[in-house]
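S.K.: Please see the structure below; I have some questions.
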Protein chains: 2
Amino acid sequence: MKKYNIIKIFDDKSESIEDFVISETILTISINGNELASLVCSKENIENLIYGYLFTSGLINKVSDIDDLNIIHCEKDNKWLAAVKIDNENIKDYQKIQTSGCGNGKLLYKNDIEEQIITSDNTQIKSSDIFLLMKDFNNNSEIFIKTGGVHSAAIADTKKILCFREDIGRHNAIDKVAGELFFNNINLKDKILITSGRVPAEIIYKTIFAKIPIIISRSAPTGSAIELARKANITLIGFARGKKMNIYSSQQRIIIS
Amino acid sequence: MKKYNIIKIFDDKSESIEDFVISETILTISINGNELASLVCSKENIENLIYGYLFTSGLINKVSDIDDLNIIHCEKDNKWLAAVKIDNENIKDYQKIQTSGCGNGKLLYKNDIEEQIITSDNTQIKSSDIFLLMKDFNNNSEIFIKTGGVHSAAIADTKKILCFREDIGRHNAIDKVAGELFFNNINLKDKILITSGRVPAEIIYKTIFAKIPIIISRSAPTGSAIELARKANITLIGFARGKKMNIYSSQQRIIIS
């Protein structure tokens, strides 16, 4: 965040004020010397973003899958470079596809998505607890309140938020929370992903690779996201606001109460 | 848009209903046989998107710069392919950079941005007319009202909206309106670009290449966007809602009244 002098207009009156504005940086991730993606992102928690991006792309499954990680910050042009070394065997099955995401250029797509499907229905949550989680989630959003310019993401268990992050890109915010918990070896198989942003299919891919069974958004999903979530047995909830929400798939994990 | 059967929850009640959900498709643009970008986008007005993307990337300046354009729709996997032929001389100065955009993978970046700077201050608009334009803009958003899942963009003169488009990606919605007017040889040097979405630097690049002097957003700009708009003498307005707005740069084009 940075302060700028701006002109504020209200009806036919104007005043010069200082206002907070969100800043962006560029993170370029290379794997074994090849550029993988450049993400326009917020500069906080860059390391979480790197781990989360690789994890939710299905490239790594445990922290030790990374043989070496070097992060360089070029202050002059406000860019970050992350040079990652991983075992070549891990990446040979992937093909690159483009995403629609704020801050994301490429998604790694594995053809055998069926093998990644979450079959466990053990995690269940009450609808009334979802309303409480969403209230907490909205109260957490500090940067948004100051700048109106970021997306938020959180990972929660059925009772409380475990990690909350904000980023200029909604994909990045998700990668930051997933990366934080992944780095700390926390199992996500019984957790809930919360996002402020719209949910296209790419975000369901991230949910699948992170093995998170439930995703809740304040906003709308796309048709492809619904179809993928149904195929992968992921509970997709949208428009979770106040005392309302829509369940688009795998309703069995939600206890209406 | 497509209808899906979903579960609607309100407090502790649930009902099964049919609801409209936004659909996405993938448009891959290749230039002279090389893949340029794959955009996750809404399927409407694909041709506008192609022209607009090339124009607001600074790749073409007039419709006749395109020697050949072939658009193929693969219904099976719901993808569009656009094979563009343009004079090689036009593209040799460009380098690809990644964008933060919804629906955009790459932006073409020309190093001599200073040559593109808009110096004309002839276009001026009253703040009261901006409030009227924004009211019209909000009323226009049909798909959003049904699905809550798209961004809108418009191009207006100082009195009325000339073209309005919606897309799952905010960059795409802008490319669609710019592409429509570009294709019809309408000069944009005295026009106003309106967007529902946040404004990062990439969208200011698009505004510069389209030579549009004023951009108005319902949402927040980023710090880099403000800095680029100030350098390029583009009037950047954010948070234009109701009777309020913030002017971040080149205030001389706004008459407060």
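Naming works like this for the structure tokens: A, B, ... for the chains as they're shown, residue 1 at the start of each chain, ligands 1 onward in shown order.
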Hey, list the chain B side of the contact with chain A: 6 Å cut-off, only C-alpha atoms, answer as a PyMOL selection string.
M.R.: chain B and resi 6-12+21-23+38+40+98+100-103+105+148-149+220+222-223+243-248+256-257
S.K.: Please return, as a ChimeraX atom specification, all residues of segment 3-231 of chain B that DSSP assigns to strand (DSSP E) on the basis of the backbone.
M.R.: /B:3-10,13-21,25-31,34-41,66-74,79-86,94-98,106-110,125-126,151-156,161-167,192-195,214-217
S.K.: Only C-alpha atoms, please: the residues just picked out, written as a short mmCIF file (atom, residue, chain, number, x, y, z; two decimals), in the first residue's frame.
M.R.:
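The file below, out_26.cif, is the result:
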```cif
data_model
loop_
_atom_site.label_atom_id
_atom_site.label_comp_id
_atom_site.auth_asym_id
_atom_site.auth_seq_id
_atom_site.Cartn_x
_atom_site.Cartn_y
_atom_site.Cartn_z
CA LYS B 3 -29.13 -22.86 -16.32
CA TYR B 4 -28.04 -25.17 -13.52
CA ASN B 5 -30.01 -26.92 -10.79
CA ILE B 6 -28.68 -25.61 -7.50
CA ILE B 7 -29.61 -25.57 -3.80
CA LYS B 8 -30.44 -22.13 -2.46
CA ILE B 9 -30.00 -21.66 1.30
CA PHE B 10 -31.62 -18.86 3.25
CA LYS B 13 -34.19 -23.26 4.86
CA SER B 14 -33.16 -24.80 1.55
CA GLU B 15 -34.82 -25.09 -1.82
CA SER B 16 -33.82 -26.60 -5.13
CA ILE B 17 -34.00 -24.04 -7.94
CA GLU B 18 -32.72 -23.40 -11.46
CA ASP B 19 -30.26 -20.51 -11.67
CA PHE B 20 -28.36 -18.77 -14.48
CA VAL B 21 -24.59 -19.21 -14.42
CA THR B 25 -14.74 -20.40 -23.47
CA ILE B 26 -11.07 -20.25 -24.49
CA LEU B 27 -9.89 -18.09 -27.40
CA THR B 28 -6.38 -18.77 -28.67
CA ILE B 29 -4.91 -16.08 -30.93
CA SER B 30 -1.94 -16.89 -33.13
CA ILE B 31 -0.02 -14.37 -35.21
CA ASN B 34 2.95 -18.36 -33.52
CA GLU B 35 0.64 -18.61 -30.52
CA LEU B 36 0.27 -15.18 -28.96
CA ALA B 37 -2.24 -15.67 -26.13
CA SER B 38 -5.08 -17.85 -24.88
CA LEU B 39 -7.87 -15.87 -23.28
CA VAL B 40 -10.52 -17.34 -20.98
CA CYS B 41 -13.50 -15.28 -22.08
CA ILE B 66 -4.54 -7.40 -40.67
CA ASP B 67 -3.70 -9.24 -43.87
CA ASP B 68 -5.79 -12.28 -43.04
CA LEU B 69 -7.99 -13.51 -40.17
CA ASN B 70 -9.41 -17.02 -39.82
CA ILE B 71 -11.65 -17.84 -36.88
CA ILE B 72 -12.39 -21.49 -36.11
CA HIS B 73 -14.84 -22.68 -33.47
CA CYS B 74 -14.17 -26.18 -32.09
CA LYS B 79 -12.61 -23.46 -27.91
CA TRP B 80 -12.02 -20.74 -30.46
CA LEU B 81 -8.91 -20.37 -32.57
CA ALA B 82 -8.04 -17.13 -34.38
CA ALA B 83 -5.21 -17.29 -36.91
CA VAL B 84 -4.07 -13.75 -37.74
CA LYS B 85 -1.64 -12.72 -40.44
CA ILE B 86 -0.04 -9.30 -40.10
CA TYR B 94 7.37 -6.00 -29.03
CA GLN B 95 8.13 -8.16 -26.07
CA LYS B 96 5.62 -10.32 -24.26
CA ILE B 97 4.84 -9.64 -20.63
CA GLN B 98 2.30 -11.36 -18.43
CA LYS B 106 -0.08 -11.87 -22.15
CA LEU B 107 0.32 -8.23 -22.96
CA LEU B 108 2.52 -6.94 -25.71
CA TYR B 109 4.74 -4.26 -24.37
CA LYS B 110 6.51 -1.71 -26.49
CA ILE B 125 -16.28 16.38 -19.35
CA LYS B 126 -18.36 17.72 -16.48
CA HIS B 151 -17.32 -7.42 -15.78
CA SER B 152 -18.64 -4.64 -17.95
CA ALA B 153 -16.92 -2.05 -20.13
CA ALA B 154 -18.20 0.79 -22.25
CA ILE B 155 -16.94 3.51 -24.52
CA ALA B 156 -18.79 6.81 -24.30
CA ILE B 161 -22.57 5.40 -24.05
CA LEU B 162 -21.67 4.33 -27.60
CA CYS B 163 -20.83 0.69 -26.99
CA PHE B 164 -21.32 -1.61 -23.98
CA ARG B 165 -19.98 -5.16 -23.53
CA GLU B 166 -19.75 -7.75 -20.76
CA ASP B 167 -17.22 -10.52 -20.29
CA ILE B 192 -14.14 7.86 -22.50
CA LEU B 193 -13.50 4.28 -21.41
CA ILE B 194 -15.66 2.97 -18.55
CA THR B 195 -14.91 -0.25 -16.68
CA ILE B 214 -10.11 9.36 -19.98
CA ILE B 215 -10.72 6.09 -18.11
CA ILE B 216 -13.36 5.78 -15.38
CA SER B 217 -13.74 2.78 -13.08
#
```
S.K.: Just checking: using only C-alpha atoms, which residue out of A:Gln124, A:Asn78, A:Asn61, A:Asn233 ends up closest to Lys43 of chain A?
M.R.: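 Using only C-alpha atoms, Lys43 of chain A sits closest to A:Asn78.
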S.K.: Name the residues in contact with Asn184 of chain A at a cut-off of 12 Å, using only C-alpha atoms, excluding same-chain residues fewer than 5 positions from it; report them as a list of chain:residue names.
M.R.: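 Answer for this query is A:Asn48, A:Tyr51, A:Gly52, A:Lys62, A:Val63, A:Ser64, A:Leu162, A:Cys163, A:Val177, A:Ala178, A:Gly179.
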S.K.: Go ahead and compute the interatomic distance for atom CA of Asp121 of chain A and atom CA of Ile212 of chain A, in Å to one decimal.
M.R.: 11.2 Å
S.K.: List every residue of segment 26-186 of chain B that DSSP, applied to the backbone, labels as alpha helix (DSSP H), and write the result as a ChimeraX atom specification.
M.R.: /B:46-56,88-91,127-140,142-147,170-183
